[in-house]
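J.: Data: coords-v4.txt, compact mmCIF, C-alpha atoms and all ligand atoms.
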```txt
# COMPACT_ATOMS: atom_id res chain seq x y z
CA MET H 1 81.18 -0.11 115.00
CA LYS H 2 84.90 -0.82 114.85
CA ASP H 3 85.35 -2.06 111.31
CA LEU H 4 88.19 0.05 109.94
CA LEU H 5 91.87 -0.74 109.60
CA LEU H 6 94.73 1.77 109.42
CA ALA H 7 98.02 0.81 107.76
CA ILE H 8 101.38 2.54 107.56
CA GLU H 9 103.99 2.05 104.81
CA SER H 10 107.51 3.38 105.35
CA SER H 11 109.81 0.65 103.99
CA CYS H 12 111.74 2.87 101.57
CA ASP H 13 111.21 6.45 100.37
CA ASP H 14 107.43 6.82 100.53
CA SER H 15 105.58 7.77 103.72
CA SER H 16 102.03 6.57 103.32
CA ILE H 17 98.99 5.88 105.48
CA ALA H 18 95.65 4.37 104.44
CA VAL H 19 92.37 3.54 106.17
CA ILE H 20 90.13 0.87 104.68
CA ASN H 21 86.86 -0.77 105.65
CA ILE H 22 87.47 -4.38 106.68
CA GLN H 23 84.03 -5.55 105.47
CA ASN H 24 83.69 -4.00 102.01
CA LEU H 25 87.35 -3.04 101.30
CA GLU H 26 86.40 0.58 100.64
CA CYS H 27 89.39 2.91 100.91
CA LEU H 28 88.35 5.84 103.12
CA PHE H 29 91.68 7.62 103.35
CA HIS H 30 95.01 7.45 101.54
CA GLU H 31 97.87 9.86 101.52
CA LYS H 32 101.44 9.44 100.42
CA ILE H 33 104.39 11.82 100.72
CA SER H 34 107.17 10.81 98.37
CA GLN H 35 110.79 11.58 99.18
CA GLU H 36 112.01 11.05 95.60
CA GLN H 37 113.12 14.65 95.13
CA ASP H 38 115.02 14.65 98.44
CA HIS H 39 117.10 11.65 97.40
CA GLU H 40 117.51 12.63 93.74
CA GLY H 41 120.80 14.45 94.23
CA PHE H 42 122.35 11.38 95.86
CA GLY H 43 121.48 9.03 92.97
CA GLY H 44 119.58 6.67 95.29
CA VAL H 45 117.87 6.42 98.65
CA VAL H 46 119.96 7.53 101.64
CA PRO H 47 118.61 5.50 104.60
CA GLU H 48 119.39 8.05 107.32
CA LEU H 49 117.73 10.85 105.36
CA ALA H 50 114.75 8.61 104.57
CA ALA H 51 114.26 7.87 108.27
CA ARG H 52 114.33 11.56 109.19
CA LEU H 53 111.84 12.43 106.44
CA HIS H 54 109.48 9.65 107.56
CA ALA H 55 109.64 11.06 111.09
CA LYS H 56 108.44 14.40 109.67
CA ALA H 57 105.86 13.12 107.18
CA LEU H 58 104.10 10.30 109.02
CA PRO H 59 102.80 12.36 111.99
CA LYS H 60 101.51 14.97 109.52
CA ILE H 61 99.49 12.34 107.66
CA LEU H 62 98.35 10.57 110.82
CA GLU H 63 96.92 13.82 112.18
CA LYS H 64 94.40 13.75 109.31
CA CYS H 65 93.30 10.22 110.27
CA LYS H 66 92.17 11.22 113.78
CA PRO H 67 88.42 11.13 112.95
CA TYR H 68 88.80 7.42 112.13
CA PHE H 69 90.51 6.46 115.41
CA PRO H 70 87.31 5.48 117.33
CA TYR H 71 86.37 3.08 114.53
CA LEU H 72 89.71 1.29 114.11
CA ALA H 73 89.66 -2.48 114.68
CA ALA H 74 93.40 -2.88 114.03
CA VAL H 75 96.56 -1.00 113.12
CA ALA H 76 99.16 -2.36 110.68
CA ALA H 77 102.63 -1.47 109.46
CA THR H 78 105.04 -2.83 106.88
CA CYS H 79 107.65 -4.67 108.92
CA SER H 80 109.95 -6.27 106.29
CA PRO H 81 111.73 -6.26 103.90
CA GLY H 82 112.98 -2.69 103.61
CA LEU H 83 115.45 -0.19 105.07
CA SER H 84 115.46 -0.95 108.79
CA VAL H 85 115.74 2.68 109.91
CA SER H 86 112.80 3.58 107.68
CA LEU H 87 110.67 0.61 108.73
CA LEU H 88 111.25 1.47 112.36
CA GLY H 89 109.40 4.81 112.02
CA GLY H 90 106.23 3.16 110.73
CA ILE H 91 106.43 0.23 113.11
CA SER H 92 106.88 2.45 116.19
CA MET H 93 103.97 4.61 115.15
CA ALA H 94 101.69 1.61 114.54
CA LYS H 95 102.70 0.03 117.83
CA THR H 96 102.01 3.19 119.82
CA LEU H 97 98.66 3.78 118.13
CA ALA H 98 97.52 0.17 118.56
CA MET H 99 98.50 0.26 122.24
CA LEU H 100 96.68 3.54 122.88
CA LEU H 101 93.54 2.39 121.08
CA LYS H 102 93.82 -1.11 122.60
CA VAL H 103 93.43 -2.85 119.22
CA PRO H 104 95.49 -5.63 117.59
CA LEU H 105 98.75 -4.84 115.80
CA ILE H 106 99.53 -6.42 112.42
CA GLY H 107 102.96 -6.71 110.78
CA VAL H 108 102.85 -6.90 106.98
CA ASN H 109 105.43 -8.29 104.58
CA HIS H 110 105.97 -5.58 101.96
CA LEU H 111 106.11 -8.05 99.04
CA GLU H 112 102.83 -9.65 100.09
CA GLY H 113 101.43 -6.12 100.21
CA HIS H 114 102.43 -5.61 96.56
CA ILE H 115 100.67 -8.86 95.63
CA TYR H 116 97.46 -7.66 97.26
CA SER H 117 97.55 -4.60 94.99
CA LEU H 118 95.91 -6.98 92.48
CA PHE H 119 92.89 -7.30 94.77
CA LEU H 120 92.37 -3.87 96.28
CA ASP H 121 88.61 -3.93 95.92
CA SER H 122 87.84 -7.61 95.48
CA GLU H 123 88.41 -10.84 97.36
CA ALA H 124 91.74 -12.45 96.47
CA ASP H 125 91.63 -15.42 94.14
CA PHE H 126 94.93 -17.31 94.09
CA LYS H 127 93.62 -20.34 92.16
CA GLY H 128 95.92 -20.94 89.18
CA LEU H 129 97.58 -17.55 89.72
CA GLY H 130 101.22 -16.76 89.00
CA VAL H 131 102.67 -13.37 89.94
CA LEU H 132 105.63 -11.37 88.67
CA LEU H 133 106.86 -8.86 91.24
CA VAL H 134 109.19 -6.22 89.86
CA SER H 135 110.26 -3.43 92.19
CA GLY H 136 113.36 -1.48 93.16
CA GLY H 137 114.44 -4.19 95.58
CA HIS H 138 113.03 -7.42 94.13
CA THR H 139 112.38 -9.37 90.97
CA LEU H 140 110.59 -12.66 91.49
CA VAL H 141 107.92 -14.97 90.12
CA ALA H 142 105.70 -16.73 92.64
CA ASP H 143 103.13 -19.50 92.40
CA MET H 144 100.23 -18.14 94.43
CA ASP H 145 98.22 -21.36 94.17
CA ALA H 146 101.03 -23.03 96.12
CA GLY H 147 100.99 -20.35 98.85
CA GLY H 148 103.58 -18.05 97.31
CA VAL H 149 106.30 -20.55 96.38
CA ILE H 150 109.05 -18.59 94.62
CA LEU H 151 109.71 -20.09 91.18
CA SER H 152 112.41 -17.68 90.07
CA ARG H 153 114.17 -14.54 91.21
CA SER H 154 116.97 -12.19 90.26
CA LEU H 155 120.39 -13.38 91.30
CA ASP H 156 121.72 -9.81 91.54
CA ASP H 157 120.17 -6.41 90.74
CA SER H 158 116.41 -6.15 90.47
CA PHE H 159 114.61 -5.09 87.29
CA GLY H 160 113.69 -1.65 88.76
CA GLU H 161 117.15 -1.15 90.23
CA SER H 162 118.74 -1.75 86.81
CA PHE H 163 116.61 1.12 85.42
CA ASP H 164 117.78 3.32 88.32
CA LYS H 165 121.43 2.50 87.62
CA VAL H 166 121.15 3.00 83.86
CA SER H 167 119.36 6.29 84.50
CA ARG H 168 122.31 7.41 86.60
CA MET H 169 124.77 6.39 83.86
CA LEU H 170 122.78 8.49 81.40
CA GLY H 171 122.87 11.44 83.78
CA MET H 172 119.17 11.38 84.55
CA GLY H 173 119.04 10.78 88.28
CA TYR H 174 116.78 8.80 90.61
CA PRO H 175 114.30 7.12 90.33
CA GLY H 176 115.15 5.97 86.87
CA GLY H 177 112.27 3.77 85.71
CA GLU H 178 109.98 6.33 84.20
CA ARG H 179 112.87 8.54 83.00
CA VAL H 180 114.52 5.72 81.05
CA GLN H 181 111.12 4.63 79.68
CA ASN H 182 110.34 8.14 78.45
CA LEU H 183 113.81 8.67 76.99
CA ALA H 184 113.59 5.33 75.13
CA LEU H 185 110.49 6.61 73.34
CA LYS H 186 112.64 9.33 71.71
CA ALA H 187 115.16 6.91 70.15
CA ARG H 188 115.68 7.65 66.46
CA SER H 189 117.77 4.57 65.73
CA LYS H 190 116.80 1.18 67.15
CA THR H 191 119.60 -0.93 65.75
CA LEU H 192 121.74 -1.22 68.90
CA ARG H 193 121.21 -4.59 70.61
CA PHE H 194 122.45 -5.81 73.99
CA THR H 195 123.01 -9.51 74.59
CA LEU H 196 120.23 -11.11 76.65
CA PRO H 197 121.48 -12.39 80.01
CA MET H 198 121.51 -16.07 80.98
CA THR H 199 120.02 -17.54 77.80
CA ARG H 200 122.20 -20.63 78.12
CA ASN H 201 121.34 -21.07 81.78
CA LYS H 202 118.43 -23.51 82.14
CA SER H 203 117.05 -21.94 85.32
CA TYR H 204 114.17 -19.48 85.25
CA ASP H 205 116.17 -16.98 87.28
CA TYR H 206 117.13 -13.46 86.26
CA SER H 207 120.30 -11.39 86.25
CA PHE H 208 120.56 -7.70 85.42
CA SER H 209 124.08 -6.78 86.49
CA GLY H 210 125.74 -7.99 83.26
CA LEU H 211 123.25 -6.05 81.18
CA LYS H 212 123.94 -2.95 83.27
CA ASN H 213 127.64 -3.43 82.55
CA GLN H 214 126.99 -3.74 78.80
CA VAL H 215 125.22 -0.36 78.97
CA ARG H 216 128.11 1.13 80.96
CA LEU H 217 130.65 0.06 78.32
CA GLU H 218 128.50 1.42 75.49
CA VAL H 219 128.10 4.76 77.32
CA LEU H 220 131.90 5.02 77.61
CA LYS H 221 132.30 4.56 73.84
CA LYS H 222 130.15 7.66 73.24
CA ASN H 223 128.97 6.20 69.91
CA HIS H 224 125.27 6.35 70.60
CA GLU H 225 122.62 8.86 71.55
CA LYS H 226 121.31 8.52 75.11
CA ALA H 227 117.82 7.73 73.85
CA GLU H 228 119.20 4.93 71.71
CA LEU H 229 120.97 3.43 74.73
CA ALA H 230 117.82 3.74 76.84
CA TYR H 231 115.80 2.03 74.11
CA ALA H 232 118.25 -0.85 73.70
CA PHE H 233 118.48 -1.34 77.47
CA GLU H 234 114.71 -1.32 78.04
CA GLU H 235 114.26 -3.70 75.14
CA ALA H 236 116.84 -6.16 76.54
CA ALA H 237 115.64 -5.90 80.17
CA THR H 238 112.01 -6.57 79.25
CA GLU H 239 112.99 -9.27 76.74
CA HIS H 240 115.04 -11.01 79.46
CA ILE H 241 111.94 -11.18 81.68
CA LEU H 242 109.91 -12.49 78.74
CA TYR H 243 112.49 -15.05 77.62
CA LYS H 244 112.55 -16.72 81.02
CA LEU H 245 108.80 -16.45 81.52
CA LYS H 246 108.06 -18.06 78.14
CA ARG H 247 110.03 -21.08 79.28
CA LEU H 248 108.37 -21.11 82.69
CA PHE H 249 104.92 -20.94 81.09
CA LYS H 250 105.75 -24.20 79.27
CA GLN H 251 106.27 -25.89 82.65
CA LYS H 252 103.44 -24.22 84.55
CA SER H 253 100.03 -23.58 83.13
CA PHE H 254 98.80 -20.52 84.98
CA LYS H 255 95.12 -19.63 84.60
CA SER H 256 95.92 -16.03 85.39
CA PHE H 257 99.10 -14.00 85.77
CA GLY H 258 99.50 -10.85 87.86
CA VAL H 259 102.15 -8.13 87.61
CA VAL H 260 102.90 -5.98 90.65
CA GLY H 261 105.54 -3.64 92.10
CA GLY H 262 106.83 -0.19 91.19
CA ALA H 263 108.40 -1.37 87.93
CA ALA H 264 105.12 -3.05 86.89
CA ALA H 265 104.34 0.47 85.64
CA ASN H 266 106.70 -0.18 82.71
CA LEU H 267 104.55 0.03 79.61
CA LYS H 268 106.78 -2.09 77.38
CA LEU H 269 106.76 -4.86 79.98
CA ARG H 270 102.98 -4.65 80.29
CA LEU H 271 102.56 -4.91 76.51
CA LYS H 272 104.92 -7.88 76.19
CA LEU H 273 103.29 -9.71 79.09
CA GLY H 274 99.89 -9.08 77.53
CA LYS H 275 101.04 -10.86 74.37
CA LEU H 276 102.57 -13.75 76.29
CA CYS H 277 99.39 -14.29 78.30
CA GLU H 278 97.24 -14.13 75.18
CA GLU H 279 99.38 -16.79 73.50
CA ASN H 280 99.06 -18.99 76.59
CA ASP H 281 95.34 -18.52 77.15
CA CYS H 282 96.05 -16.92 80.49
CA LYS H 283 94.32 -13.88 81.98
CA LEU H 284 96.69 -10.96 82.65
CA ILE H 285 95.91 -9.02 85.84
CA LEU H 286 97.74 -5.72 86.13
CA ALA H 287 98.04 -3.80 89.38
CA PRO H 288 96.45 -0.36 88.84
CA LEU H 289 99.19 2.08 87.74
CA LYS H 290 98.50 4.33 90.74
CA TYR H 291 99.13 1.46 93.17
CA CYS H 292 102.19 -0.13 91.51
CA SER H 293 104.64 1.95 93.53
CA ASP H 294 104.80 1.73 97.32
CA ASN H 295 101.58 2.72 99.06
CA ALA H 296 99.72 1.99 102.27
CA VAL H 297 96.49 0.89 100.55
CA MET H 298 98.05 -2.41 99.45
CA ILE H 299 99.52 -2.84 102.95
CA ALA H 300 96.08 -2.27 104.49
CA ARG H 301 94.55 -4.75 102.02
CA CYS H 302 97.07 -7.43 102.99
CA ALA H 303 96.63 -6.62 106.69
CA ARG H 304 92.87 -7.05 106.33
CA GLN H 305 93.50 -10.64 105.19
CA GLN H 306 95.74 -11.20 108.21
CA TYR H 307 93.09 -9.62 110.46
CA LEU H 308 90.51 -12.15 109.25
CA GLN H 309 93.01 -14.96 109.88
CA GLY H 310 93.86 -13.65 113.36
CA ASP H 311 97.49 -13.18 112.34
CA PHE H 312 98.48 -10.52 114.87
CA ALA H 313 101.88 -9.32 116.03
CA SER H 314 102.89 -9.36 119.65
CA PHE H 315 103.58 -6.06 121.40
CA LYS H 316 106.46 -7.85 123.06
CA ASP H 317 108.32 -8.33 119.74
CA GLU H 318 111.21 -5.95 119.97
CA LEU H 319 110.95 -4.64 116.43
CA LEU H 320 108.59 -6.84 114.43
CA PHE H 321 111.17 -7.12 111.66
CA ALA H 322 110.84 -10.77 110.69
CA LYS H 323 107.84 -11.44 108.53
CA ASP H 324 108.72 -14.07 106.00
CA PHE H 325 107.21 -13.96 102.54
CA GLY H 326 104.33 -16.35 101.93
CA ILE H 327 102.72 -16.57 105.36
CA SER H 328 99.61 -14.55 104.59
CA LEU H 329 99.14 -15.71 101.02
CA LYS H 330 96.12 -17.89 101.47
CA SER H 331 92.86 -16.72 100.01
O1 LIG L 1 107.80 -0.93 94.46
P1 LIG L 1 108.58 0.32 94.44
O2 LIG L 1 107.82 1.63 94.51
O3 LIG L 1 109.63 0.34 95.61
C1 LIG L 1 110.25 -0.84 96.06
O4 LIG L 1 109.59 -1.58 96.82
O5 LIG L 1 111.40 -1.05 95.63
O6 LIG L 1 109.48 0.29 93.11
C2 LIG L 1 110.33 1.34 92.75
C3 LIG L 1 111.12 0.91 91.53
C4 LIG L 1 112.26 1.87 91.19
O7 LIG L 1 113.42 1.12 90.96
C5 LIG L 1 111.77 2.55 89.91
O8 LIG L 1 112.80 3.00 89.05
C6 LIG L 1 110.99 1.41 89.28
O9 LIG L 1 110.29 0.83 90.38
N1 LIG L 1 110.05 1.91 88.26
C7 LIG L 1 110.12 1.56 86.95
C8 LIG L 1 109.10 2.28 86.29
N2 LIG L 1 108.45 3.05 87.21
C9 LIG L 1 109.05 2.80 88.43
N3 LIG L 1 110.96 0.73 86.30
C10 LIG L 1 110.79 0.59 84.97
N4 LIG L 1 109.85 1.26 84.26
C11 LIG L 1 108.98 2.11 84.88
N5 LIG L 1 108.06 2.77 84.16
ZN ZN L 2 107.75 -1.88 97.02
```
Have the structure of the file written as structure tokens, please.
T.:
Amino acid sequence: MKDLLLAIESSCDDSSIAVINIQNLECLFHEKISQEQDHEGFGGVVPELAARLHAKALPKILEKCKPYFPYLAAVAATCSPGLSVSLLGGISMAKTLAMLLKVPLIGVNHLEGHIYSLFLDSEADFKGLGVLLVSGGHTLVADMDAGGVILSRSLDDSFGESFDKVSRMLGMGYPGGERVQNLALKARSKTLRFTLPMTRNKSYDYSFSGLKNQVRLEVLKKNHEKAELAYAFEEAATEHILYKLKRLFKQKSFKSFGVVGGAAANLKLRLKLGKLCEENDCKLILAPLKYCSDNAVMIARCARQQYLQGDFASFKDELLFAKDFGISLKS
């Protein structure tokens, strides 16, 4: 019986393929090859290098999926947003495989994929659900009950990106999230405070570039230990998210609140959100730590929803790049 779905993720610096069962959501195969170390020396992801590494890694992983080919009902790939040269590798592979196997092709929005990391082994329930998505490319809050309406977003750098940039300023390289988090734990003095961004602005939006600049100026003064700077930055960045969310929670009464994306692994953020949800009688749903960062399992999970809705891509689409956020967010 053809009841499996294969999905490919290659939007940034992770090459990943997963196979799941469409009926019971069981994950039968998942492998991810991260390029983090290859980009580390450059302080960020180099698109051309990422594309070449995807071209090496994806066929290696796909080879292992061969036994599942006869049972595939559809093939999916992340098609936006992301680095176009990286996306292209996954899209071309998915297109070729779907054509050869004569099964439908599905194009997945990467952000929707992250949201489905909340429901990897259960049916999605968007009733009364708000979601905070914090990754290297995005920071946004969406109302899932309203089909993914975006309530707030970052006006400049994303939450994860600000950790990457601060990490670079502190000489710790890329990716910065976990490094800054771990360094902050070693702070001996916790008196340094950065000013919270946009507290006088009534919108629920975020901004991290000013905070990044505050850190840069403090680094130049050489008055503080690196760990102290990391602590003060993490404190301000997470408090900024909380400050705006507290106000949003007064307007919107979410029944449950999900946190997804690579930076959803931040422990301080998780703790603070836990407290906020408790105070607001709201259930906090955290994406499993293992599936916060980019992976093909969440892409397969989202594609499965699209498969059930008959939301297929056309083989005639030149590249499949346009997949607007919100289209597949109906449970
Ligand atoms: O979702 P993701 O894997 O890739 C994108 O779609 O962007 O997110 C990667 C981002 C990076 O910016 C990384 O530094 C950040 O997530 N990140 C963290 C933590 N772990 C990863 N940021 C803050 N704290 C963490 N513990
Ligand atoms: Zn991502």
J.: Check which residues fall inside 9 Å of ligand LIG 1 (chain L) when counting all atoms listed in the file, and print them as a short mmCIF file (atom, residue, chain, number, x, y, z; two decimals) with C-alpha atoms, in the frame of the given file.
T.:
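Saved result, result-v6.cif, follows:
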```cif
data_model
loop_
_atom_site.label_atom_id
_atom_site.label_comp_id
_atom_site.auth_asym_id
_atom_site.auth_seq_id
_atom_site.Cartn_x
_atom_site.Cartn_y
_atom_site.Cartn_z
CA SER H 11 109.81 0.65 103.99
CA CYS H 12 111.74 2.87 101.57
CA ASP H 13 111.21 6.45 100.37
CA ASP H 14 107.43 6.82 100.53
CA PRO H 81 111.73 -6.26 103.90
CA GLY H 82 112.98 -2.69 103.61
CA HIS H 110 105.97 -5.58 101.96
CA LEU H 111 106.11 -8.05 99.04
CA HIS H 114 102.43 -5.61 96.56
CA LEU H 133 106.86 -8.86 91.24
CA VAL H 134 109.19 -6.22 89.86
CA SER H 135 110.26 -3.43 92.19
CA GLY H 136 113.36 -1.48 93.16
CA GLY H 137 114.44 -4.19 95.58
CA HIS H 138 113.03 -7.42 94.13
CA SER H 158 116.41 -6.15 90.47
CA PHE H 159 114.61 -5.09 87.29
CA GLY H 160 113.69 -1.65 88.76
CA GLU H 161 117.15 -1.15 90.23
CA SER H 162 118.74 -1.75 86.81
CA PHE H 163 116.61 1.12 85.42
CA ASP H 164 117.78 3.32 88.32
CA LYS H 165 121.43 2.50 87.62
CA SER H 167 119.36 6.29 84.50
CA TYR H 174 116.78 8.80 90.61
CA PRO H 175 114.30 7.12 90.33
CA GLY H 176 115.15 5.97 86.87
CA GLY H 177 112.27 3.77 85.71
CA GLU H 178 109.98 6.33 84.20
CA ARG H 179 112.87 8.54 83.00
CA VAL H 180 114.52 5.72 81.05
CA GLN H 181 111.12 4.63 79.68
CA ASN H 182 110.34 8.14 78.45
CA GLU H 234 114.71 -1.32 78.04
CA VAL H 260 102.90 -5.98 90.65
CA GLY H 261 105.54 -3.64 92.10
CA GLY H 262 106.83 -0.19 91.19
CA ALA H 263 108.40 -1.37 87.93
CA ALA H 264 105.12 -3.05 86.89
CA ALA H 265 104.34 0.47 85.64
CA ASN H 266 106.70 -0.18 82.71
CA LEU H 267 104.55 0.03 79.61
CA LYS H 268 106.78 -2.09 77.38
CA LEU H 269 106.76 -4.86 79.98
CA TYR H 291 99.13 1.46 93.17
CA CYS H 292 102.19 -0.13 91.51
CA SER H 293 104.64 1.95 93.53
CA ASP H 294 104.80 1.73 97.32
CA ASN H 295 101.58 2.72 99.06
#
```
J.: Measuring atom to atom with only C-alpha atoms, identify which of H:Gly173, H:Gly148, H:Pro288, H:Gly90 is nearest to Glu36 (chain H).
T.: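 Checking each candidate against Glu36 (chain H), we get H:Gly173 as the closest.
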J.: Could you check which of H:Leu83, H:Leu276, H:Ala7, H:Ala18 is closest to ligand ZN 2 (chain L), using all atoms listed in the file?
T.: H:Leu83
J.: Write out as a list in words which residues come within 9 Å of Lys283 (chain H) when counting all atoms listed in the file, dropping same-chain ones fewer than 5 positions away.
T.: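 The residues that qualify are Phe254, Lys255, Ser256, Phe257, Gly258, Gly274, Cys277 and Glu278 of chain H.
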J.: Counting all atoms listed in the file, figure out which residue out of H:Glu26, H:Ile299, H:Glu63, H:Gly171 gets nearest to ligand ZN 2 (chain L).
T.: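 Comparing H:Glu26, H:Ile299, H:Glu63, H:Gly171 against ligand ZN 2 (chain L), the winner is H:Ile299.
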